[in-house]
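K.L.:
Input file: start_37.cif. Contents: mmCIF, C-alpha atoms.
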```
data_start
#
loop_
_atom_site.label_atom_id
_atom_site.label_comp_id
_atom_site.auth_asym_id
_atom_site.auth_seq_id
_atom_site.Cartn_x
_atom_site.Cartn_y
_atom_site.Cartn_z
CA MET A 1 60.07 73.69 13.62
CA LYS A 2 60.22 77.26 14.88
CA TRP A 3 61.09 76.07 18.37
CA LEU A 4 63.76 73.76 16.95
CA ALA A 5 65.28 76.64 14.98
CA HIS A 6 65.17 78.85 18.06
CA PHE A 7 67.01 76.36 20.27
CA LYS A 8 69.50 75.74 17.49
CA SER A 9 70.35 79.43 17.35
CA LYS A 10 70.18 79.82 21.15
CA PRO A 11 71.03 76.44 22.70
CA LEU A 12 71.26 77.87 26.24
CA ASP A 13 67.53 78.62 26.17
CA ALA A 14 66.87 74.89 26.47
CA LEU A 15 68.06 75.22 30.07
CA LEU A 16 64.89 77.19 30.87
CA ILE A 17 63.33 73.80 31.58
CA GLY A 18 65.58 73.81 34.63
CA LEU A 19 63.38 76.43 36.31
CA VAL A 20 60.29 74.28 35.79
CA LEU A 21 62.06 71.17 37.07
CA ALA A 22 63.44 73.09 40.07
CA ILE A 23 59.94 74.24 41.04
CA MET A 24 58.67 70.68 40.68
CA ALA A 25 61.56 69.34 42.75
CA LYS A 26 60.82 71.88 45.47
CA LEU A 27 57.07 71.23 45.51
CA PHE A 28 57.32 67.44 45.47
CA GLY A 29 60.14 67.20 47.99
CA TRP A 30 62.87 65.83 45.73
CA ASP A 31 66.47 65.67 46.90
CA PRO A 32 67.72 69.26 47.50
CA LEU A 33 70.72 68.46 45.32
CA TRP A 34 68.38 68.28 42.31
CA VAL A 35 66.79 71.57 43.36
CA PHE A 36 70.26 73.14 43.33
CA ILE A 37 71.21 71.66 39.94
CA PHE A 38 67.94 72.54 38.21
CA SER A 39 67.75 76.07 39.62
CA ALA A 40 71.39 76.70 38.63
CA ALA A 41 70.64 75.52 35.09
CA GLY A 42 67.55 77.75 34.88
CA LEU A 43 69.52 80.80 36.02
CA ILE A 44 71.87 80.67 33.04
CA PRO A 45 69.38 81.59 30.25
CA LEU A 46 67.41 83.91 32.57
CA ALA A 47 70.53 85.98 33.22
CA GLY A 48 71.09 86.07 29.47
CA TYR A 49 67.58 87.38 28.86
CA ILE A 50 68.15 90.22 31.33
CA GLY A 51 71.21 91.23 29.35
CA GLU A 52 69.43 90.88 26.01
CA ALA A 53 66.45 92.91 27.19
CA THR A 54 68.82 95.60 28.44
CA GLU A 55 70.54 95.73 25.05
CA SER A 56 67.18 95.98 23.26
CA LEU A 57 66.15 98.85 25.52
CA ALA A 58 69.46 100.53 24.73
CA VAL A 59 68.49 100.68 21.05
CA PHE A 60 65.54 102.92 21.97
CA THR A 61 67.43 105.03 24.54
CA GLY A 62 70.63 105.55 22.56
CA PRO A 63 74.17 104.28 23.20
CA ARG A 64 74.97 106.54 26.17
CA ILE A 65 71.83 105.79 28.14
CA GLY A 66 72.26 102.21 26.98
CA GLY A 67 75.65 102.19 28.67
CA LEU A 68 73.99 103.53 31.81
CA LEU A 69 71.39 100.75 31.67
CA ASN A 70 74.15 98.20 31.35
CA ALA A 71 75.98 99.77 34.29
CA THR A 72 72.84 99.35 36.38
CA LEU A 73 71.54 95.99 35.16
CA GLY A 74 74.70 94.34 33.82
CA ASN A 75 75.08 92.16 36.89
CA ALA A 76 71.43 92.07 37.98
CA ALA A 77 71.30 88.26 38.20
CA GLU A 78 74.30 88.03 40.48
CA LEU A 79 73.07 90.94 42.58
CA ILE A 80 69.76 89.12 43.14
CA ILE A 81 71.54 85.88 44.09
CA THR A 82 73.72 87.67 46.64
CA LEU A 83 70.76 89.56 48.12
CA VAL A 84 68.96 86.26 48.67
CA ALA A 85 72.14 84.83 50.24
CA ILE A 86 72.44 87.82 52.57
CA ARG A 87 68.87 87.35 53.73
CA ALA A 88 69.73 83.70 54.43
CA GLY A 89 72.77 84.80 56.46
CA LEU A 90 75.32 83.25 54.05
CA LEU A 91 77.72 86.20 54.19
CA ASP A 92 80.84 84.13 53.42
CA LEU A 93 79.13 82.89 50.27
CA VAL A 94 78.41 86.48 49.26
CA LYS A 95 82.02 87.62 49.78
CA ALA A 96 83.30 84.61 47.85
CA SER A 97 80.94 85.37 44.95
CA ILE A 98 82.20 88.98 44.82
CA THR A 99 85.78 87.73 44.58
CA GLY A 100 84.80 85.01 42.13
CA SER A 101 83.05 87.44 39.80
CA ILE A 102 86.08 89.70 39.59
CA ILE A 103 88.66 86.96 39.04
CA GLY A 104 86.28 85.08 36.73
CA ASN A 105 85.93 88.04 34.38
CA LEU A 106 89.63 88.94 34.42
CA LEU A 107 91.04 85.43 34.12
CA LEU A 108 88.40 83.02 32.80
CA VAL A 109 86.43 85.26 30.43
CA LEU A 110 89.31 87.42 29.22
CA GLY A 111 91.49 84.31 29.00
CA PHE A 112 89.05 82.42 26.78
CA ALA A 113 88.46 85.54 24.67
CA ILE A 114 92.17 86.13 24.07
CA LEU A 115 92.89 82.42 23.53
CA LEU A 116 90.12 81.73 21.01
CA GLY A 117 90.40 85.14 19.37
CA GLY A 118 94.15 84.64 18.99
CA LEU A 119 93.82 81.13 17.58
CA LYS A 120 91.39 82.39 14.94
CA ASN A 121 92.81 85.83 14.13
CA GLY A 122 96.43 85.72 15.21
CA MET A 123 97.86 88.77 16.98
CA GLN A 124 95.01 91.07 18.03
CA LYS A 125 95.21 94.73 18.96
CA PHE A 126 93.08 96.97 21.15
CA ASP A 127 93.25 100.54 22.44
CA ARG A 128 96.39 100.79 24.57
CA ARG A 129 95.29 104.06 26.19
CA GLN A 130 91.98 102.54 27.22
CA ALA A 131 93.79 99.49 28.56
CA GLY A 132 95.83 101.85 30.75
CA ASN A 133 92.67 103.50 32.07
CA ASN A 134 91.21 100.08 32.77
CA ALA A 135 94.35 99.06 34.66
CA ILE A 136 94.21 102.13 36.89
CA MET A 137 90.54 101.58 37.71
CA LEU A 138 91.07 97.89 38.41
CA VAL A 139 93.99 98.50 40.76
CA MET A 140 92.05 101.23 42.57
CA ALA A 141 88.94 99.05 42.90
CA VAL A 142 90.88 96.12 44.34
CA LEU A 143 92.79 98.39 46.72
CA ALA A 144 89.46 99.67 48.02
CA LEU A 145 88.43 96.08 48.73
CA VAL A 146 91.80 95.15 50.28
CA ILE A 147 92.28 98.12 52.64
CA PRO A 148 89.45 97.27 55.07
CA SER A 149 90.85 93.73 55.40
CA MET A 150 94.34 95.05 56.14
CA PHE A 151 93.19 97.51 58.81
CA SER A 152 90.49 95.37 60.42
CA HIS A 153 92.83 93.66 62.92
CA SER A 154 94.14 97.01 64.15
CA ILE A 155 90.80 98.72 64.73
CA GLY A 156 88.74 95.82 66.06
CA GLY A 157 87.23 92.47 65.10
CA GLU A 158 85.30 91.84 61.91
CA THR A 159 81.97 92.52 63.63
CA SER A 160 83.13 95.54 65.62
CA PRO A 161 81.42 98.93 65.06
CA GLN A 162 84.72 100.41 63.86
CA VAL A 163 85.13 97.82 61.10
CA GLU A 164 81.50 98.20 60.06
CA ALA A 165 82.01 101.98 59.92
CA LEU A 166 85.15 101.48 57.82
CA SER A 167 83.28 99.20 55.40
CA LEU A 168 80.44 101.69 55.09
CA GLY A 169 82.87 104.56 54.50
CA VAL A 170 84.81 102.66 51.83
CA ALA A 171 81.56 101.51 50.21
CA GLY A 172 80.34 105.11 50.08
CA VAL A 173 83.55 106.29 48.39
CA MET A 174 83.34 103.45 45.84
CA ILE A 175 79.73 104.25 44.94
CA VAL A 176 80.60 107.94 44.50
CA LEU A 177 83.45 106.97 42.20
CA TYR A 178 81.13 104.67 40.28
CA ALA A 179 78.61 107.51 39.89
CA LEU A 180 81.40 109.79 38.64
CA GLY A 181 82.39 107.09 36.17
CA ILE A 182 78.83 106.94 34.84
CA ILE A 183 78.71 110.73 34.47
CA TYR A 184 82.01 110.56 32.59
CA SER A 185 80.72 107.77 30.36
CA LEU A 186 77.64 109.81 29.41
CA LYS A 187 79.95 112.51 28.05
CA ASN A 188 82.60 110.23 26.59
CA ASN A 189 82.56 106.91 24.78
CA ASP A 190 85.71 105.46 26.35
CA SER A 191 84.85 104.93 30.01
CA PRO A 192 85.71 101.50 31.45
CA ILE A 193 82.73 101.75 33.84
CA THR A 194 80.13 101.05 31.16
CA TYR A 195 80.04 99.56 27.73
CA SER A 196 77.41 99.32 25.04
CA SER A 197 77.76 97.32 21.86
CA GLN A 198 75.77 100.00 20.05
CA GLU A 199 78.80 102.25 20.35
CA LYS A 200 80.80 99.78 18.30
CA LYS A 201 78.27 98.63 15.72
CA PRO A 202 74.69 99.91 15.48
CA HIS A 203 71.93 97.39 14.94
CA LYS A 204 68.16 97.32 14.87
CA ALA A 205 66.15 96.44 17.92
CA GLY A 206 65.28 92.77 18.09
CA TRP A 207 62.29 93.41 20.37
CA SER A 208 59.81 96.23 20.71
CA LEU A 209 60.02 98.53 23.72
CA ARG A 210 57.04 96.81 25.34
CA THR A 211 58.45 93.34 24.71
CA SER A 212 61.81 94.38 26.15
CA PHE A 213 60.18 95.54 29.39
CA ILE A 214 58.07 92.37 29.63
CA VAL A 215 61.08 90.11 29.06
CA LEU A 216 63.15 92.08 31.56
CA ALA A 217 60.43 91.82 34.23
CA ALA A 218 59.77 88.12 33.57
CA ALA A 219 63.46 87.21 33.54
CA THR A 220 64.07 89.15 36.75
CA LEU A 221 61.18 87.35 38.46
CA GLY A 222 62.55 84.03 37.23
CA VAL A 223 66.00 84.87 38.62
CA VAL A 224 64.47 85.74 42.01
CA ILE A 225 62.60 82.42 42.15
CA SER A 226 65.63 80.41 41.01
CA SER A 227 67.93 82.24 43.44
CA GLU A 228 65.63 81.48 46.37
CA MET A 229 65.75 77.77 45.57
CA LEU A 230 69.48 77.76 44.77
CA VAL A 231 70.50 79.45 48.02
CA GLY A 232 68.06 77.34 50.01
CA ALA A 233 69.82 74.18 48.84
CA VAL A 234 73.41 75.38 49.40
CA GLU A 235 73.87 73.92 52.89
CA VAL A 236 72.60 70.51 51.78
CA VAL A 237 74.92 70.53 48.76
CA VAL A 238 77.86 71.40 51.01
CA GLU A 239 77.08 68.44 53.28
CA LYS A 240 76.23 65.83 50.64
CA VAL A 241 78.65 66.61 47.82
CA GLY A 242 81.57 67.74 49.95
CA LEU A 243 82.08 71.05 48.15
CA SER A 244 82.81 73.96 50.45
CA GLU A 245 80.53 76.98 50.62
CA PHE A 246 83.61 78.99 49.67
CA PHE A 247 84.10 77.01 46.42
CA LEU A 248 80.43 77.36 45.50
CA GLY A 249 80.63 81.11 45.98
CA ILE A 250 83.94 81.80 44.29
CA ILE A 251 83.66 79.46 41.29
CA LEU A 252 80.16 78.12 40.59
CA ILE A 253 77.81 81.02 41.37
CA PRO A 254 79.73 83.68 39.37
CA VAL A 255 79.89 81.36 36.36
CA ILE A 256 76.18 80.51 36.61
CA GLY A 257 75.14 84.16 36.84
CA ASN A 258 77.28 85.41 33.96
CA VAL A 259 77.48 82.67 31.32
CA ALA A 260 75.61 84.71 28.69
CA GLU A 261 77.82 87.77 29.15
CA HIS A 262 80.92 85.55 29.11
CA LEU A 263 79.88 84.14 25.75
CA VAL A 264 79.46 87.67 24.34
CA ALA A 265 83.06 88.54 25.23
CA VAL A 266 84.38 85.38 23.57
CA GLN A 267 82.20 85.75 20.47
CA VAL A 268 83.23 89.34 19.73
CA ALA A 269 86.90 88.42 20.30
CA MET A 270 86.58 85.70 17.65
CA LYS A 271 85.12 88.37 15.35
CA ASN A 272 88.34 90.34 15.93
CA GLN A 273 86.57 93.03 17.98
CA MET A 274 89.04 92.90 20.84
CA ASP A 275 88.25 96.40 22.13
CA LEU A 276 84.67 95.40 22.89
CA SER A 277 85.70 92.01 24.29
CA VAL A 278 88.10 93.60 26.78
CA GLU A 279 85.47 96.18 27.72
CA VAL A 280 82.88 93.48 28.46
CA ALA A 281 85.24 91.62 30.81
CA VAL A 282 86.74 94.66 32.53
CA SER A 283 83.47 96.61 32.83
CA SER A 284 81.78 93.66 34.50
CA SER A 285 84.64 93.36 37.00
CA LEU A 286 84.51 97.07 37.79
CA GLN A 287 80.72 96.99 38.18
CA ILE A 288 81.05 94.21 40.75
CA ALA A 289 83.84 95.96 42.65
CA LEU A 290 82.58 99.55 42.53
CA PHE A 291 78.81 99.08 42.50
CA VAL A 292 77.55 95.63 43.52
CA ALA A 293 79.92 95.05 46.46
CA PRO A 294 79.42 98.48 48.11
CA LEU A 295 75.68 98.39 47.42
CA LEU A 296 75.47 95.06 49.23
CA VAL A 297 77.17 96.62 52.25
CA PHE A 298 74.39 99.20 52.61
CA VAL A 299 71.54 96.84 51.70
CA SER A 300 72.78 94.16 54.12
CA LEU A 301 72.72 96.70 56.94
CA ALA A 302 69.07 97.43 56.18
CA MET A 303 68.35 93.69 56.04
CA GLY A 304 69.80 93.11 59.51
CA ASN A 305 72.78 91.00 58.34
CA PRO A 306 75.62 93.55 58.04
CA LEU A 307 78.20 92.65 55.40
CA THR A 308 81.70 94.01 55.90
CA LEU A 309 84.37 94.33 53.21
CA ILE A 310 86.68 91.97 55.09
CA PHE A 311 88.03 89.23 52.85
CA ASN A 312 90.18 86.29 53.86
CA THR A 313 93.80 85.81 52.79
CA PHE A 314 92.90 83.44 49.95
CA GLU A 315 90.42 85.90 48.44
CA LEU A 316 92.90 88.77 48.67
CA LEU A 317 95.59 86.65 47.02
CA ALA A 318 93.21 85.70 44.21
CA LEU A 319 92.19 89.32 43.63
CA GLY A 320 95.80 90.48 43.53
CA ALA A 321 96.84 87.69 41.17
CA ALA A 322 93.91 88.31 38.81
CA VAL A 323 94.43 92.06 38.54
CA LEU A 324 98.23 91.81 38.21
CA THR A 325 98.04 89.15 35.48
CA ALA A 326 95.27 90.93 33.55
CA VAL A 327 97.10 94.27 33.71
CA LEU A 328 100.41 92.77 32.53
CA VAL A 329 98.68 91.04 29.61
CA SER A 330 96.68 94.07 28.45
CA LEU A 331 98.98 97.07 28.97
CA ASP A 332 100.80 96.74 25.62
CA GLY A 333 97.51 96.87 23.67
CA GLU A 334 98.23 93.56 21.97
CA SER A 335 97.21 89.99 22.70
CA ASN A 336 97.96 86.50 21.43
CA TRP A 337 96.61 83.05 22.22
CA LEU A 338 99.51 82.25 24.58
CA GLU A 339 98.57 85.18 26.84
CA GLY A 340 95.01 83.88 26.92
CA ALA A 341 96.30 80.45 27.92
CA ALA A 342 98.34 82.09 30.71
CA LEU A 343 95.24 83.80 32.11
CA LEU A 344 93.33 80.51 32.05
CA ALA A 345 96.26 78.74 33.72
CA VAL A 346 96.19 81.18 36.65
CA TYR A 347 92.42 80.68 37.00
CA LEU A 348 92.80 76.90 36.86
CA VAL A 349 95.52 76.93 39.54
CA LEU A 350 93.34 79.08 41.80
CA GLY A 351 90.33 76.85 41.10
CA ILE A 352 92.21 73.70 42.11
CA ALA A 353 93.40 75.38 45.30
CA PHE A 354 89.88 76.58 46.16
CA PHE A 355 88.44 73.12 45.47
CA LEU A 356 90.87 71.43 47.84
CA CYS A 357 90.71 74.14 50.50
CA TYR A 358 87.55 73.08 52.36
CA HIS A 359 88.13 75.41 55.30
CA CYS A 360 89.04 78.58 53.35
#
```
Would you mind giving the structure from this file in structure tokens?

P.N.:
Amino acid sequence: MKWLAHFKSKPLDALLIGLVLAIMAKLFGWDPLWVFIFSAAGLIPLAGYIGEATESLAVFTGPRIGGLLNATLGNAAELIITLVAIRAGLLDLVKASITGSIIGNLLLVLGFAILLGGLKNGMQKFDRRQAGNNAIMLVMAVLALVIPSMFSHSIGGETSPQVEALSLGVAGVMIVLYALGIIYSLKNNDSPITYSSQEKKPHKAGWSLRTSFIVLAAATLGVVISSEMLVGAVEVVVEKVGLSEFFLGIILIPVIGNVAEHLVAVQVAMKNQMDLSVEVAVSSSLQIALFVAPLLVFVSLAMGNPLTLIFNTFELLALGAAVLTAVLVSLDGESNWLEGAALLAVYLVLGIAFFLCYHC
């Protein structure tokens, strides 16, 4: 009965069986497509447990250090997946997942949050000044990702030393800015770089400090194992199902790695806590752009598969569309369900285009 009550309150936890099935499929030589499906299902609750363990640790460390923990571990699952993909040489998949994470948070997550929050609560308001700060950071982050792509043709090919140097330089600047944002967030409670729900509403720790560390370690190990199997089956899935590697990276992997965090943004929006909902979506996008992407540039160099910040035309178009639409919707500090529907419409249009564009 306790297990039944647990799965009723946390239905996504039932997907943990996916990790067991994925391991069995791998060991017994099942079709790689099943390995991909089961490992993807197992990743969803594991990523959620990393976030939950981080939040529990934040109760013991305080809201400011909690925000720092979230800034470091908020996208741990996706970071692990991309590191495994880099080691496998799937650099296009990694770049697509970076783009997909940003547009997914700004269009899919924020869209659902505004739509469902608006349907339940009517017109919702959030801090207009903070929305302006978010807009500035988003535009700057995307510009930092776009500039290397714009200049790459003038200073050499994508694999030239000059382009690699440009990517490393831009990545270094982005990480410095991210570090400055964290320092700012430790002194102020309104930085878009980090967020912590404890700042909005204090609550008691659900787990002890020891349990939080154990869950964090176990969930991280589970994500590593699932990621290895997921990435290992990508090429087979591309051949058998007909989905492009680009579509897997830009749509499926970001959704798989962030379902739990996406649900948090939607749930708090429905509770009429739009400030926190916007922070969850925007902070995650900024963490990907200013921390995960540049970190991958340096780590990939050490791994022997250098990743450059050179994105194709479709990815740049998607990034520009996502940021422009999100900024226009949020700048007035008010939202309604129609604006949420508009964000989802843009994401759906991009998704259809990515699905049909096999050679993107």

K.L.:
Looking at A:Leu12, A:Val266, A:Ile256, A:Leu177, which one is nearest to Val223 in chain A, with distances taken over only C-alpha atoms?

P.N.:
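When distances to Val223 in chain A are compared using only C-alpha atoms, the smallest one comes from A:Ile256.
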
K.L.:
Produce a table with one row for each residue of range 74-125 of chain A that has an atom at most 7 Å from any atom of range 287-298 of chain A, each row naming the nearest atom pair and its distance in Å at one decimal; use all atoms listed in the file; arrange rows by chain and rising residue number; format as a tab-separated table.

P.N.:
```
residue	atom	partner	partner_atom	distance
A:Leu79	CA	A:Val292	CA	6.6
A:Ile98	CA	A:Ala293	CA	6.7
A:Ile102	CA	A:Ile288	CA	6.9
```

K.L.:
Give me the residues within 7 Å of range 32-34 of chain A as a ChimeraX atom specification, counting all atoms listed in the file and dropping any in the same chain fewer than 3 places off.

P.N.:
/A:25,37-38,233,236-237

K.L.:
Which residues, written as a PDB file with C-alpha atoms, keeping the file's coordinate frame, have at least one atom at most 12 Å from Ser160 in chain A, with all atoms listed in the file counted and residues fewer than 5 positions away on the same chain left out?

P.N.:
```pdb
ATOM      1  CA  SER A 152      90.490  95.370  60.420  1.00  0.00           C
ATOM      2  CA  HIS A 153      92.830  93.660  62.920  1.00  0.00           C
ATOM      3  CA  SER A 154      94.140  97.010  64.150  1.00  0.00           C
ATOM      4  CA  ILE A 155      90.800  98.720  64.730  1.00  0.00           C
ATOM      5  CA  ALA A 165      82.010 101.980  59.920  1.00  0.00           C
ATOM      6  CA  LEU A 166      85.150 101.480  57.820  1.00  0.00           C
ATOM      7  CA  SER A 167      83.280  99.200  55.400  1.00  0.00           C
ATOM      8  CA  PRO A 306      75.620  93.550  58.040  1.00  0.00           C
ATOM      9  CA  LEU A 307      78.200  92.650  55.400  1.00  0.00           C
ATOM     10  CA  THR A 308      81.700  94.010  55.900  1.00  0.00           C
ATOM     11  CA  ILE A 310      86.680  91.970  55.090  1.00  0.00           C
TER      12      ILE A 310
END
```

K.L.:
Decode the PyMOL selection byres ((chain A and resi 312-320) around 9) for the given file into explicit residues and return them as a PyMOL selection string.

P.N.:
chain A and resi 95-96+99-100+102-103+139+142+145-146+149+250+310-311+321-325+347+350+354+360

K.L.:
When you look at Val264 in chain A with a cut-off of 12 Å (counting only C-alpha atoms), what residues show up, excluding the ones that are within fewer than 6 positions of it in the same chain? I need them as a list in words.

P.N.:
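Contacts, in chain order: Gly48, Gly51, Glu52, Asn105, Val109, Leu110, Phe112, Ala113, Ser196, Ser197, Asn258, Met270, Lys271, Gln273, Met274, Leu276, Ser277, Val278, Glu279, Val280 and Ala281 of chain A.
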
K.L.:
So how many Å separate CA of Ile81 in chain A and CA of Leu186 in chain A, to one decimal?

P.N.:
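Separating CA of Ile81 in chain A from CA of Leu186 in chain A is a distance of 28.7 Å.
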